[in-house]
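S.K.: Just one file: entry.csv, with CSV, C-alpha atoms and all ligand atoms.
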chain,number,residue,atom,x,y,z
B,973,MET,CA,110.0,96.9,174.9
B,974,PRO,CA,112.1,94.4,176.9
B,975,MET,CA,111.6,90.7,176.3
B,976,GLU,CA,110.3,90.1,179.8
B,977,THR,CA,107.0,91.6,178.8
B,978,LEU,CA,106.1,88.3,177.0
B,979,PRO,CA,104.6,86.1,179.8
B,980,ILE,CA,106.2,82.8,180.7
B,981,ILE,CA,103.5,80.3,181.6
B,982,ASP,CA,104.2,77.0,183.5
B,983,PHE,CA,101.7,74.6,182.0
B,984,SER,CA,102.6,71.6,184.3
B,985,PRO,CA,99.8,72.1,186.9
B,986,PHE,CA,97.3,71.8,184.1
B,987,LEU,CA,98.8,68.4,183.0
B,988,LEU,CA,99.4,66.9,186.4
B,989,PRO,CA,96.7,64.4,187.4
B,990,THR,CA,97.3,65.3,191.1
B,991,SER,CA,96.4,69.0,190.6
B,992,THR,CA,93.3,70.4,192.1
B,993,PRO,CA,90.5,71.9,189.9
B,994,GLN,CA,91.6,75.4,191.2
B,995,GLU,CA,95.2,74.8,190.2
B,996,ARG,CA,94.1,73.8,186.7
B,997,ARG,CA,91.8,76.8,186.5
B,998,ASP,CA,94.7,79.2,187.5
B,999,VAL,CA,96.8,78.0,184.6
B,1000,ALA,CA,93.8,78.4,182.2
B,1001,VAL,CA,93.3,82.0,183.4
B,1002,GLU,CA,97.0,82.8,182.9
B,1003,LEU,CA,96.8,81.5,179.3
B,1004,ASP,CA,93.6,83.4,178.7
B,1005,GLN,CA,95.2,86.7,179.9
B,1006,ALA,CA,98.2,86.1,177.6
B,1007,CYS,CA,95.9,85.4,174.6
B,1008,ARG,CA,93.9,88.6,175.2
B,1009,ASN,CA,97.0,90.8,175.7
B,1010,ALA,CA,100.2,89.9,173.9
B,1011,GLY,CA,98.9,87.1,171.8
B,1012,PHE,CA,102.4,85.6,172.4
B,1013,PHE,CA,103.7,83.7,175.4
B,1014,TYR,CA,106.4,81.2,176.4
B,1015,LEU,CA,105.2,77.8,177.6
B,1016,LYS,CA,107.3,75.8,180.0
B,1017,GLY,CA,106.3,72.7,181.9
B,1018,HIS,CA,104.7,71.4,178.7
B,1019,GLY,CA,105.6,67.7,179.2
B,1020,VAL,CA,107.4,67.2,175.8
B,1021,PRO,CA,110.5,65.3,176.7
B,1022,ARG,CA,113.8,67.1,176.2
B,1023,ASP,CA,115.3,64.4,174.0
B,1024,LEU,CA,112.5,64.9,171.5
B,1025,LEU,CA,113.2,68.6,171.2
B,1026,ASP,CA,117.0,67.9,170.9
B,1027,ASN,CA,116.6,65.2,168.3
B,1028,ILE,CA,114.4,67.1,165.9
B,1029,ARG,CA,116.4,70.3,166.2
B,1030,GLN,CA,119.7,68.5,165.6
B,1031,ASP,CA,118.2,66.6,162.6
B,1032,ALA,CA,116.9,69.8,161.1
B,1033,ILE,CA,120.2,71.5,161.5
B,1034,ASP,CA,122.0,68.6,160.0
B,1035,PHE,CA,119.6,68.4,157.0
B,1036,PHE,CA,120.2,72.0,156.0
B,1037,LYS,CA,124.0,71.8,156.7
B,1038,THR,CA,124.7,68.6,154.7
B,1039,THR,CA,122.0,68.1,152.0
B,1040,SER,CA,123.1,68.8,148.4
B,1041,GLU,CA,121.2,71.1,146.1
B,1042,GLU,CA,120.3,68.1,144.0
B,1043,ASP,CA,118.9,66.2,146.9
B,1044,LYS,CA,116.9,69.2,148.0
B,1045,GLN,CA,115.4,69.6,144.6
B,1046,ARG,CA,114.4,65.9,144.7
B,1047,LEU,CA,112.3,66.8,147.7
B,1048,ALA,CA,110.8,70.0,146.0
B,1049,LEU,CA,107.1,70.7,146.5
B,1050,LYS,CA,104.9,68.9,144.0
B,1051,SER,CA,102.9,71.2,141.8
B,1052,ASP,CA,99.5,69.8,142.9
B,1053,ASP,CA,99.9,69.6,146.7
B,1054,LYS,CA,102.2,72.7,146.9
B,1055,ALA,CA,102.7,72.0,150.6
B,1056,ARG,CA,104.9,69.1,151.6
B,1057,GLY,CA,108.6,69.1,150.8
B,1058,TYR,CA,111.4,71.4,150.2
B,1059,SER,CA,111.1,75.0,149.0
B,1060,LYS,CA,113.2,78.1,148.7
B,1061,HIS,CA,111.5,81.4,149.2
B,1062,VAL,CA,113.2,84.4,147.6
B,1063,ASP,CA,111.9,87.8,148.3
B,1064,ALA,CA,114.3,90.7,148.1
B,1065,GLU,CA,112.1,92.9,150.3
B,1066,LYS,CA,110.6,90.6,152.9
B,1067,GLY,CA,113.6,88.3,153.2
B,1068,SER,CA,114.5,84.8,152.0
B,1069,HIS,CA,114.7,81.4,153.6
B,1070,GLU,CA,114.5,77.7,152.7
B,1071,ALA,CA,112.2,75.2,154.3
B,1072,LEU,CA,111.4,71.5,154.5
B,1073,ASP,CA,107.7,71.1,155.4
B,1074,PHE,CA,105.7,68.2,156.7
B,1075,TYR,CA,101.9,68.1,157.1
B,1076,ARG,CA,99.1,65.8,158.2
B,1077,PRO,CA,98.6,63.6,155.2
B,1078,VAL,CA,95.3,64.4,153.4
B,1079,ALA,CA,93.9,62.1,150.8
B,1080,PRO,CA,92.9,63.7,147.5
B,1081,THR,CA,89.1,64.2,147.3
B,1082,GLU,CA,89.0,64.5,143.5
B,1083,SER,CA,90.7,62.6,140.7
B,1084,ARG,CA,93.8,64.8,141.0
B,1085,CYS,CA,95.4,66.2,144.1
B,1086,GLY,CA,94.6,69.7,145.1
B,1087,ILE,CA,96.5,72.2,147.2
B,1088,GLY,CA,97.2,70.8,150.7
B,1089,GLN,CA,96.4,67.3,149.7
B,1090,GLY,CA,99.1,64.6,149.5
B,1091,VAL,CA,101.7,62.7,151.6
B,1092,ASN,CA,105.0,63.8,153.1
B,1093,GLN,CA,108.3,63.5,151.3
B,1094,TRP,CA,111.0,62.2,153.6
B,1095,PRO,CA,114.7,63.0,153.2
B,1096,ALA,CA,117.1,60.0,153.1
B,1097,LYS,CA,119.4,61.8,155.5
B,1098,PRO,CA,119.6,62.2,158.5
B,1099,ASP,CA,118.2,58.7,158.7
B,1100,THR,CA,116.6,59.5,162.0
B,1101,PHE,CA,114.7,62.5,160.7
B,1102,ARG,CA,111.4,60.7,159.9
B,1103,SER,CA,111.1,59.1,163.3
B,1104,ALA,CA,112.1,62.3,165.0
B,1105,VAL,CA,109.4,64.2,163.2
B,1106,GLU,CA,106.7,61.6,163.7
B,1107,THR,CA,107.4,61.2,167.5
B,1108,TYR,CA,107.5,64.9,167.9
B,1109,VAL,CA,104.3,65.5,166.0
B,1110,ASP,CA,102.5,62.9,168.1
B,1111,ARG,CA,103.5,64.7,171.3
B,1112,MET,CA,102.8,68.1,169.9
B,1113,GLU,CA,99.2,67.2,168.9
B,1114,ARG,CA,98.6,66.0,172.5
B,1115,LEU,CA,100.0,69.3,173.8
B,1116,GLY,CA,97.9,71.3,171.3
B,1117,ARG,CA,94.7,69.5,172.4
B,1118,ALA,CA,95.6,70.1,176.1
B,1119,VAL,CA,96.1,73.9,175.6
B,1120,ILE,CA,92.8,74.0,173.7
B,1121,GLU,CA,91.1,72.3,176.7
B,1122,ALA,CA,92.6,74.9,179.0
B,1123,LEU,CA,91.3,77.7,176.8
B,1124,ALA,CA,87.9,76.1,176.7
B,1125,LEU,CA,87.9,76.0,180.5
B,1126,ALA,CA,88.9,79.7,180.7
B,1127,LEU,CA,86.3,80.8,178.1
B,1128,GLY,CA,83.6,78.7,179.8
B,1129,VAL,CA,82.7,76.9,176.5
B,1130,ASP,CA,82.0,73.3,175.8
B,1131,VAL,CA,85.4,71.4,175.8
B,1132,LYS,CA,84.0,68.7,173.6
B,1133,LEU,CA,82.9,71.2,170.9
B,1134,PHE,CA,86.4,72.9,171.0
B,1135,VAL,CA,88.2,69.5,170.8
B,1136,SER,CA,85.9,68.2,168.0
B,1137,ARG,CA,87.3,70.8,165.7
B,1138,VAL,CA,90.9,69.9,166.3
B,1139,ASP,CA,90.8,66.1,166.9
B,1140,LYS,CA,92.3,65.5,163.5
B,1141,ALA,CA,94.3,68.7,163.4
B,1142,PHE,CA,95.7,69.7,160.1
B,1143,TRP,CA,99.1,70.2,161.7
B,1144,GLN,CA,102.1,71.6,159.8
B,1145,LEU,CA,105.6,71.2,160.9
B,1146,ARG,CA,108.0,73.5,159.2
B,1147,THR,CA,111.8,73.2,159.4
B,1148,ILE,CA,113.2,76.5,158.3
B,1149,CYS,CA,116.7,77.7,157.6
B,1150,TYR,CA,117.6,81.4,157.4
B,1151,GLY,CA,121.1,81.7,155.7
B,1152,GLY,CA,124.0,83.3,157.4
B,1153,GLN,CA,124.6,86.8,156.1
B,1154,THR,CA,127.8,87.5,154.3
B,1155,SER,CA,129.3,90.9,154.3
B,1156,PRO,CA,128.2,93.1,152.6
B,1157,VAL,CA,124.7,91.6,153.0
B,1158,SER,CA,123.8,89.8,149.8
B,1159,ALA,CA,120.4,88.3,150.0
B,1160,LYS,CA,118.4,89.5,153.0
B,1161,ALA,CA,117.4,86.5,155.2
B,1162,GLY,CA,114.0,86.5,156.9
B,1163,ILE,CA,110.3,86.3,156.6
B,1164,GLY,CA,107.9,89.2,156.1
B,1165,GLU,CA,105.4,90.5,158.6
B,1166,HIS,CA,102.4,88.2,158.9
B,1167,THR,CA,100.0,86.5,161.3
B,1168,ASP,CA,99.7,82.7,161.4
B,1169,PHE,CA,96.4,81.5,160.0
B,1170,GLY,CA,95.7,78.4,162.2
B,1171,ILE,CA,95.0,78.1,166.0
B,1172,LEU,CA,98.2,77.9,167.9
B,1173,THR,CA,101.9,77.9,166.9
B,1174,PHE,CA,104.5,76.3,169.1
B,1175,LEU,CA,108.0,77.5,168.1
B,1176,LEU,CA,111.2,75.6,168.7
B,1177,ALA,CA,114.4,77.2,167.5
B,1178,ASP,CA,118.1,77.1,167.8
B,1179,SER,CA,119.8,79.5,170.2
B,1180,THR,CA,120.1,82.5,167.8
B,1181,LYS,CA,119.0,85.7,169.3
B,1182,GLY,CA,117.7,88.9,167.8
B,1183,SER,CA,116.0,87.4,164.6
B,1184,LEU,CA,112.4,86.9,165.5
B,1185,GLN,CA,110.4,90.0,166.2
B,1186,VAL,CA,106.8,90.4,167.5
B,1187,ARG,CA,104.6,93.4,167.1
B,1188,SER,CA,103.7,94.8,170.6
B,1189,LYS,CA,100.3,96.2,171.5
B,1190,THR,CA,101.7,99.7,171.0
B,1191,GLY,CA,102.8,98.8,167.5
B,1192,GLU,CA,106.6,98.6,168.2
B,1193,TRP,CA,108.7,95.6,167.2
B,1194,MET,CA,110.2,93.7,170.1
B,1195,HIS,CA,112.6,90.7,170.0
B,1196,ALA,CA,111.3,87.3,171.1
B,1197,ASP,CA,114.4,85.4,171.8
B,1198,PRO,CA,114.4,81.7,172.6
B,1199,ILE,CA,114.2,80.4,176.2
B,1200,GLU,CA,115.8,77.0,176.3
B,1201,GLY,CA,113.3,74.2,177.0
B,1202,ALA,CA,110.2,76.5,176.5
B,1203,PHE,CA,108.1,76.9,173.4
B,1204,LEU,CA,107.3,80.4,172.2
B,1205,CYS,CA,103.6,80.2,171.4
B,1206,ASN,CA,101.4,82.5,169.4
B,1207,LEU,CA,97.8,82.5,168.3
B,1208,GLY,CA,96.6,82.2,164.7
B,1209,ASP,CA,93.7,83.8,162.9
B,1210,MET,CA,91.3,80.8,163.5
B,1211,LEU,CA,91.5,81.3,167.3
B,1212,ALA,CA,90.8,85.0,166.8
B,1213,GLU,CA,87.8,84.0,164.8
B,1214,TRP,CA,86.6,81.6,167.5
B,1215,THR,CA,86.8,84.3,170.1
B,1216,ARG,CA,85.4,87.2,168.0
B,1217,GLY,CA,88.8,88.8,168.2
B,1218,ALA,CA,89.1,88.7,172.0
B,1219,TYR,CA,92.2,86.5,171.5
B,1220,LYS,CA,94.9,88.2,169.4
B,1221,SER,CA,96.6,86.8,166.4
B,1222,THR,CA,99.7,88.9,166.6
B,1223,ALA,CA,101.9,90.0,163.7
B,1224,HIS,CA,105.5,88.8,163.7
B,1225,ARG,CA,108.5,88.7,161.3
B,1226,VAL,CA,112.1,87.5,161.1
B,1227,ILE,CA,115.0,89.7,160.1
B,1228,HIS,CA,118.1,87.5,160.3
B,1229,LEU,CA,121.3,89.5,160.2
B,1230,SER,CA,123.8,87.1,161.9
B,1231,ASN,CA,126.6,85.6,159.8
B,1232,THR,CA,125.7,82.1,160.9
B,1233,PRO,CA,122.5,80.3,159.8
B,1234,ARG,CA,119.4,80.1,162.0
B,1235,VAL,CA,117.1,77.0,162.1
B,1236,SER,CA,113.6,77.3,163.5
B,1237,ILE,CA,110.9,74.7,163.7
B,1238,PRO,CA,107.3,76.0,164.1
B,1239,PHE,CA,104.6,73.5,164.8
B,1240,PHE,CA,101.3,74.8,163.6
B,1241,PHE,CA,98.3,73.3,165.4
B,1242,ASP,CA,95.5,74.0,163.0
B,1243,PRO,CA,91.8,72.9,162.9
B,1244,ASN,CA,90.6,69.8,161.2
B,1245,TRP,CA,90.8,70.2,157.4
B,1246,ASP,CA,87.0,70.4,157.0
B,1247,ALA,CA,86.2,72.2,160.3
B,1248,ILE,CA,83.8,75.1,160.1
B,1249,ILE,CA,85.2,77.7,162.5
B,1250,GLU,CA,82.4,79.7,164.0
B,1251,PRO,CA,82.7,81.9,167.0
B,1252,VAL,CA,82.2,80.0,170.3
B,1253,VAL,CA,81.8,82.9,172.6
B,1254,PRO,CA,78.6,84.9,172.7
B,1255,SER,CA,78.4,88.1,170.7
B,1256,GLY,CA,78.4,91.3,172.7
B,1257,ASP,CA,79.8,94.0,170.6
B,1258,GLU,CA,77.6,95.0,167.8
B,1259,GLU,CA,80.4,96.7,165.9
B,1260,THR,CA,82.6,93.6,165.6
B,1261,ASP,CA,79.9,91.0,165.3
B,1262,GLY,CA,79.6,91.3,161.6
B,1263,ARG,CA,83.3,90.5,161.1
B,1264,TYR,CA,83.1,87.0,162.7
B,1265,VAL,CA,80.7,85.1,160.6
B,1266,GLY,CA,82.5,81.7,160.5
B,1267,VAL,CA,84.9,80.3,157.9
B,1268,ARG,CA,85.7,76.9,156.6
B,1269,TYR,CA,89.3,76.3,157.7
B,1270,ARG,CA,90.3,74.6,154.4
B,1271,ASP,CA,89.2,77.6,152.3
B,1272,ARG,CA,91.2,80.0,154.5
B,1273,TYR,CA,94.2,77.7,154.3
B,1274,ILE,CA,94.1,77.5,150.5
B,1275,GLY,CA,93.8,81.2,150.2
B,1276,ALA,CA,96.7,81.9,152.5
B,1277,MET,CA,98.9,79.3,150.7
B,1278,GLU,CA,98.2,80.7,147.3
B,1279,GLU,CA,99.4,84.0,148.5
B,1280,ALA,CA,102.5,82.6,150.2
B,1281,LEU,CA,103.5,80.6,147.2
B,1282,GLY,CA,104.1,83.7,145.1
B,1283,ASP,CA,107.7,83.8,146.2
B,1284,VAL,CA,108.6,80.1,145.9
B,1285,GLU,CA,111.5,79.8,143.4
B,1286,ALA,CA,110.7,76.4,141.8
B,1287,LEU,CA,108.0,73.7,142.0
B,1288,ALA,CA,108.6,70.2,140.9
B,1289,VAL,CA,105.8,68.6,138.8
B,1301,LIG,O1,111.3,81.3,162.1
B,1301,LIG,C1,110.6,81.9,162.9
B,1301,LIG,O2,111.0,82.1,164.0
B,1301,LIG,C2,109.1,82.2,162.7
B,1301,LIG,C3,108.6,81.6,161.4
B,1301,LIG,C4,107.2,82.0,161.2
B,1301,LIG,O3,106.7,83.0,161.7
B,1301,LIG,C5,106.3,81.2,160.3
B,1301,LIG,O4,106.8,80.3,159.6
B,1301,LIG,O5,105.1,81.4,160.3
B,1302,FE,FE,104.6,82.9,161.6
Could you show the structure in this file as structure tokens?
Ligand SMILES: O=C(O)CCC(=O)C(=O)O
Ligand SMILES: [Fe+2]
M.R.:
Amino acid sequence: MPMETLPIIDFSPFLLPTSTPQERRDVAVELDQACRNAGFFYLKGHGVPRDLLDNIRQDAIDFFKTTSEEDKQRLALKSDDKARGYSKHVDAEKGSHEALDFYRPVAPTESRCGIGQGVNQWPAKPDTFRSAVETYVDRMERLGRAVIEALALALGVDVKLFVSRVDKAFWQLRTICYGGQTSPVSAKAGIGEHTDFGILTFLLADSTKGSLQVRSKTGEWMHADPIEGAFLCNLGDMLAEWTRGAYKSTAHRVIHLSNTPRVSIPFFFDPNWDAIIEPVVPSGDEETDGRYVGVRYRDRYIGAMEEALGDVEALAV
């Protein structure tokens, strides 16, 4: 299936204070359609300044290009939190990659930290990395809330209720590097087929084509190449839960075959750590109703992380 089948949505009329209610509604309807059909769309006119995108992308590229193994290991995930820091995922079948991950800080609730609880570990170099991440995250949280408002408008549900579940979003910012493939291919670079488990993912990536693939409605894999200046967005399992499956949390994977590395930066806009995610749309279909009974986001997150951590090579204590 050609790439054009993923919709490209201009979000600017929703953000502009001068837009009419109808113009805002039109954007909301476009988003709603994309969420019901592909579960993936490109978002342009998002209002995140270009220099913020360029800065974080360049710092992430520089980090992976110049950081020694020793310095990476100093940033390795801590054994309690298991979330924030550097990790190398090695999986011969699904593909391998390395990542430096940042999360909303969460204070430990018990005497010792648990999974997902802790503070970020910042690399010393590039020295602009921390401010690039913090400025970017601040803007991305605003964008995430604005998209949620648009979806609430389209779904005809209480905006305040929707926003109250994401106003302290447990965001995750991953910086990922897929190694360049040598010939013959030694360790396959990539990430196995999965759905994201949060609400919305906003992907920023370098210009590499042909690596990220999305499962289409008919079950075929299609490439989702970057469009400069636009985010590639997809929905996570929590949004499917909210809408009783009307919105699709679509499977995707990365198979990176190029001989140069690829750097990608997904921003995961997830619910508040303690949010209970219950469907917000009325039930209608007796067959599917039983499947959407509500989940506590934190429980879902911890379950998903325990599974994902199976292929992490080393954890620091
Ligand atoms: O690297 C990419 O393009 C996608 C990464 C991804 O799907 C994920 O981290 O959940
Ligand atoms: Fe993903």
S.K.: Can you pull out every residue within 10 Å of Arg1029 of chain B, counting all atoms listed in the file, but drop anything in the same chain fewer than 5 positions away, and send it as a PyMOL selection string?
M.R.: chain B and resi 1023-1024+1034-1035+1101+1104-1105+1147+1176-1178+1235-1237
S.K.: Could you take the residues named above and write them with C-alpha atoms, as a CSV table (one decimal), in the coordinates of the input?
M.R.:
chain,number,residue,atom,x,y,z
B,1023,ASP,CA,115.3,64.4,174.0
B,1024,LEU,CA,112.5,64.9,171.5
B,1034,ASP,CA,122.0,68.6,160.0
B,1035,PHE,CA,119.6,68.4,157.0
B,1101,PHE,CA,114.7,62.5,160.7
B,1104,ALA,CA,112.1,62.3,165.0
B,1105,VAL,CA,109.4,64.2,163.2
B,1147,THR,CA,111.8,73.2,159.4
B,1176,LEU,CA,111.2,75.6,168.7
B,1177,ALA,CA,114.4,77.2,167.5
B,1178,ASP,CA,118.1,77.1,167.8
B,1235,VAL,CA,117.1,77.0,162.1
B,1236,SER,CA,113.6,77.3,163.5
B,1237,ILE,CA,110.9,74.7,163.7
S.K.: Restricting the calculation to all atoms listed in the file: of B:Val1119, B:Leu1133, B:Ala1071, B:Leu1127, which residue gets closest to ligand LIG 1301 (chain B)?
M.R.: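 Among B:Val1119, B:Leu1133, B:Ala1071, B:Leu1127, it is B:Ala1071 that comes nearest to ligand LIG 1301 (chain B).
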S.K.: Please return as a ChimeraX atom specification the residues found within 7 Å of ligand LIG 1301 (chain B), counting all atoms listed in the file.
M.R.: /B:1146,1148,1163,1168,1175,1177,1184,1224-1226,1236-1238
S.K.: When distances are computed from all atoms listed in the file, which of B:Phe1013, B:Trp1094, B:Tyr1269, B:Tyr1264 shows the smallest separation from Phe1174 of chain B?
M.R.: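 Of B:Phe1013, B:Trp1094, B:Tyr1269, B:Tyr1264, the one nearest Phe1174 of chain B, counting all atoms listed in the file, is B:Phe1013.
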S.K.: Rounded to one decimal place, report the atom CA of Ser1068 of chain B-atom CA of Thr1167 of chain B distance in Å.
M.R.: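 Going from atom CA of Ser1068 of chain B over to atom CA of Thr1167 of chain B covers 17.3 Å.
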S.K.: Neighbouring residues of Thr1232 of chain B were defined as those with any atom within 7 Å, considering only C-alpha atoms; residues of the same chain fewer than 6 positions away were excluded. Please report them as JSON, numbers by chain.
M.R.: {"B": [1151, 1152, 1153]}
S.K.: So what do you get for atom CA of Asp1026 of chain B versus atom CA of Pro1233 of chain B, distance-wise?
M.R.: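 Atom-to-atom, atom CA of Asp1026 of chain B and atom CA of Pro1233 of chain B are spaced 17.5 Å apart.
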S.K.: Using all atoms listed in the file, find the one residue out of B:Gly1128, B:Leu1025, B:Phe1012, B:Trp1245 that sits nearest to ligand FE 1302 (chain B).
M.R.: B:Phe1012
S.K.: Using only C-alpha atoms and all ligand atoms, which residue out of B:Ser1059, B:Ser1255, B:Gln1185, B:Thr1190 lies closest to ligand FE 1302 (chain B)?
M.R.: B:Gln1185
S.K.: From the options B:Ala1118, B:Leu1172, B:Ile1033, B:Ala1212, which residue's atoms come nearest to ligand FE 1302 (chain B), counting only C-alpha atoms and all ligand atoms?
M.R.: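 The answer is B:Leu1172, which sits nearest to ligand FE 1302 (chain B).
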S.K.: Quick one, how far is atom CA of Val1135 of chain B from atom CA of Arg1111 of chain B?
M.R.: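 These atoms are spaced 16.0 Å apart.
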